[in-house]
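Here the structure is laid out as structure tokens; the discussion comes afterwards.
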Amino acid sequence: MKRLVTIAVCLMTAVMARAQEGLHVGRVFDNPAARVEAVHLTGTRLADYNMTLYRSFSTSDNEAFASEMERAVKADGERAVGKETAYVGSRLYYAFFALPPTGKGLNRYIFFKNESVAKKGRNVTTLIYIEGTASAKKLEKMFKK
């Protein structure tokens, strides 16, 4: 039984690592900084939302990590097939990117929000990566709630 659990964990880790393969945000998820809240969901918990993978990082009062996240998001945004962005000065405040689908036909999305660049914003930066069959419109509605 322990062997089966170990094999399952190894397979899940390999699948998760491949999910963001070739993306700059993949490196961010693979190397979390201190004081990061991470959420990682797969499987049936996401089925109602037409997602197969959901990963998020949120950090507070960590400007260096927030800047690293911003650079990665901007780099991946250059290849996006759909974009919605907002800037405060030269800093990225909000981004919602639809990336080219995976080889398996799954849609891929990046959501980013850096509230620390707003004048009265909280000092929180959030990065979310999603894969699945959900449409961009459905996800935008979820994020705007």
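Lettering and numbering for the structure tokens are positional, with chains as A, B, ... in the shown order, residues counted from 1 in each chain, and ligands counted from 1 in the shown order.
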Exercise. Name the residues of chain A that come out as strand (DSSP E) in a backbone DSSP run; write them as an MDAnalysis selection string.
Key: chainID A and resid 36:42 51:60 82:88 91:99 107:114 124:132
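Within 10 Å of A:Ser67, once only C-alpha atoms are used and residues closer than 6 positions along the same chain are dropped, the contacting residues are Val73, Arg91, Leu92, Asn114 and Thr125 of chain A.
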Pull N, CA and C atoms from the residues just selected and write them as a short mmCIF file (atom, residue, chain, number, x, y, z; two decimals), in the first residue's frame.
```
data_model
loop_
_atom_site.label_atom_id
_atom_site.label_comp_id
_atom_site.auth_asym_id
_atom_site.auth_seq_id
_atom_site.Cartn_x
_atom_site.Cartn_y
_atom_site.Cartn_z
N VAL A 73 5.09 36.87 -15.14
CA VAL A 73 3.77 37.05 -15.75
C VAL A 73 3.89 37.86 -17.04
N ARG A 91 4.19 49.74 -13.32
CA ARG A 91 4.02 48.44 -12.65
C ARG A 91 2.71 47.78 -13.07
N LEU A 92 2.80 46.48 -13.29
CA LEU A 92 1.63 45.69 -13.62
C LEU A 92 0.76 45.54 -12.37
N ASN A 114 -1.45 42.70 -8.26
CA ASN A 114 -0.48 43.24 -7.32
C ASN A 114 -1.08 44.47 -6.65
N THR A 125 0.21 40.38 -3.22
CA THR A 125 0.37 40.04 -4.63
C THR A 125 -0.08 38.59 -4.81
#
```
Exercise. Report as a ChimeraX atom specification: the residues of chain A with a DSSP assignment of helix (DSSP H, G or I), based on the backbone of this structure.
Key: /A:2-19,24-30,43-49,63-77,115-117,136-144
Applying 8 Å and only C-alpha atoms, which residues near stretch 35-40 of chain A remain after dropping the ones on its own chain fewer than 3 positions away? List them as a short mmCIF file (atom, residue, chain, number, x, y, z; two decimals) with C-alpha atoms, in the first residue's frame.
```cif
data_model
loop_
_atom_site.label_atom_id
_atom_site.label_comp_id
_atom_site.auth_asym_id
_atom_site.auth_seq_id
_atom_site.Cartn_x
_atom_site.Cartn_y
_atom_site.Cartn_z
CA PRO A 32 8.36 29.60 -3.52
CA LEU A 53 -5.47 22.20 -12.31
CA TYR A 54 -5.53 25.27 -10.08
CA ARG A 55 -2.37 26.70 -8.47
CA SER A 56 -2.07 29.97 -6.63
CA PHE A 57 0.47 31.93 -4.62
CA SER A 58 -0.25 34.97 -2.50
CA THR A 59 2.41 36.93 -0.70
CA SER A 60 2.31 39.92 1.63
CA ASN A 62 7.53 40.64 0.02
#
```
Quiz item: Between A:Arg45, A:His24, A:Lys113, A:Lys144, which has the minimum distance to A:Ala75 (counting only C-alpha atoms)?
Solution: A:His24
Practice problem: Using only C-alpha atoms, determine which residues lie at most 9 Å from A:Thr85, disregarding the query and same-chain residues fewer than 3 positions distant; provide the list as number ranges by chain. | Solution: A: 92-97
Self-check item: Between atom CA of A:Leu139 and atom CA of A:Val28, distance in Å (one decimal)
Solution: 21.8 Å
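Among A:Asp61, A:Ala72, A:Met51, A:Ala86, the residue with the shortest atom-to-atom distance to A:Arg108, counting only C-alpha atoms, is A:Met51.
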Self-check item: Which residue of A:Met69, A:Ala64, A:Ala47, A:Ile110 approaches A:Glu140 most closely, using only C-alpha atoms
Solution: A:Ile110
Quiz item: Which neighbours of A:Glu131 fall inside 12 Å, counting only C-alpha atoms, when residues of the same chain fewer than 5 positions from it are skipped, and could you give them as a PyMOL selection string?
Solution: chain A and resi 16+18-20+40-43+46-47+49-55+98-111+136+139
Quiz item: Of the candidates A:Lys119, A:Ala66, A:Arg71, A:Ser135, which one gets nearest to A:Gly89 if we count only C-alpha atoms?
Solution: A:Lys119
Self-check item: Point-to-point distance in Å for atom CA of A:Gly26 and atom CA of A:Phe143
Solution: 20.9 Å
Quiz prompt | Residue among A:Arg122, A:Ala80, A:Phe65, A:Phe112 lying closest to A:Arg27, counting only C-alpha atoms | solution = A:Phe65
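For the atom pair formed by atom CA of A:Glu115 and atom CA of A:Ile130, the distance is 20.5 Å, given to one decimal.
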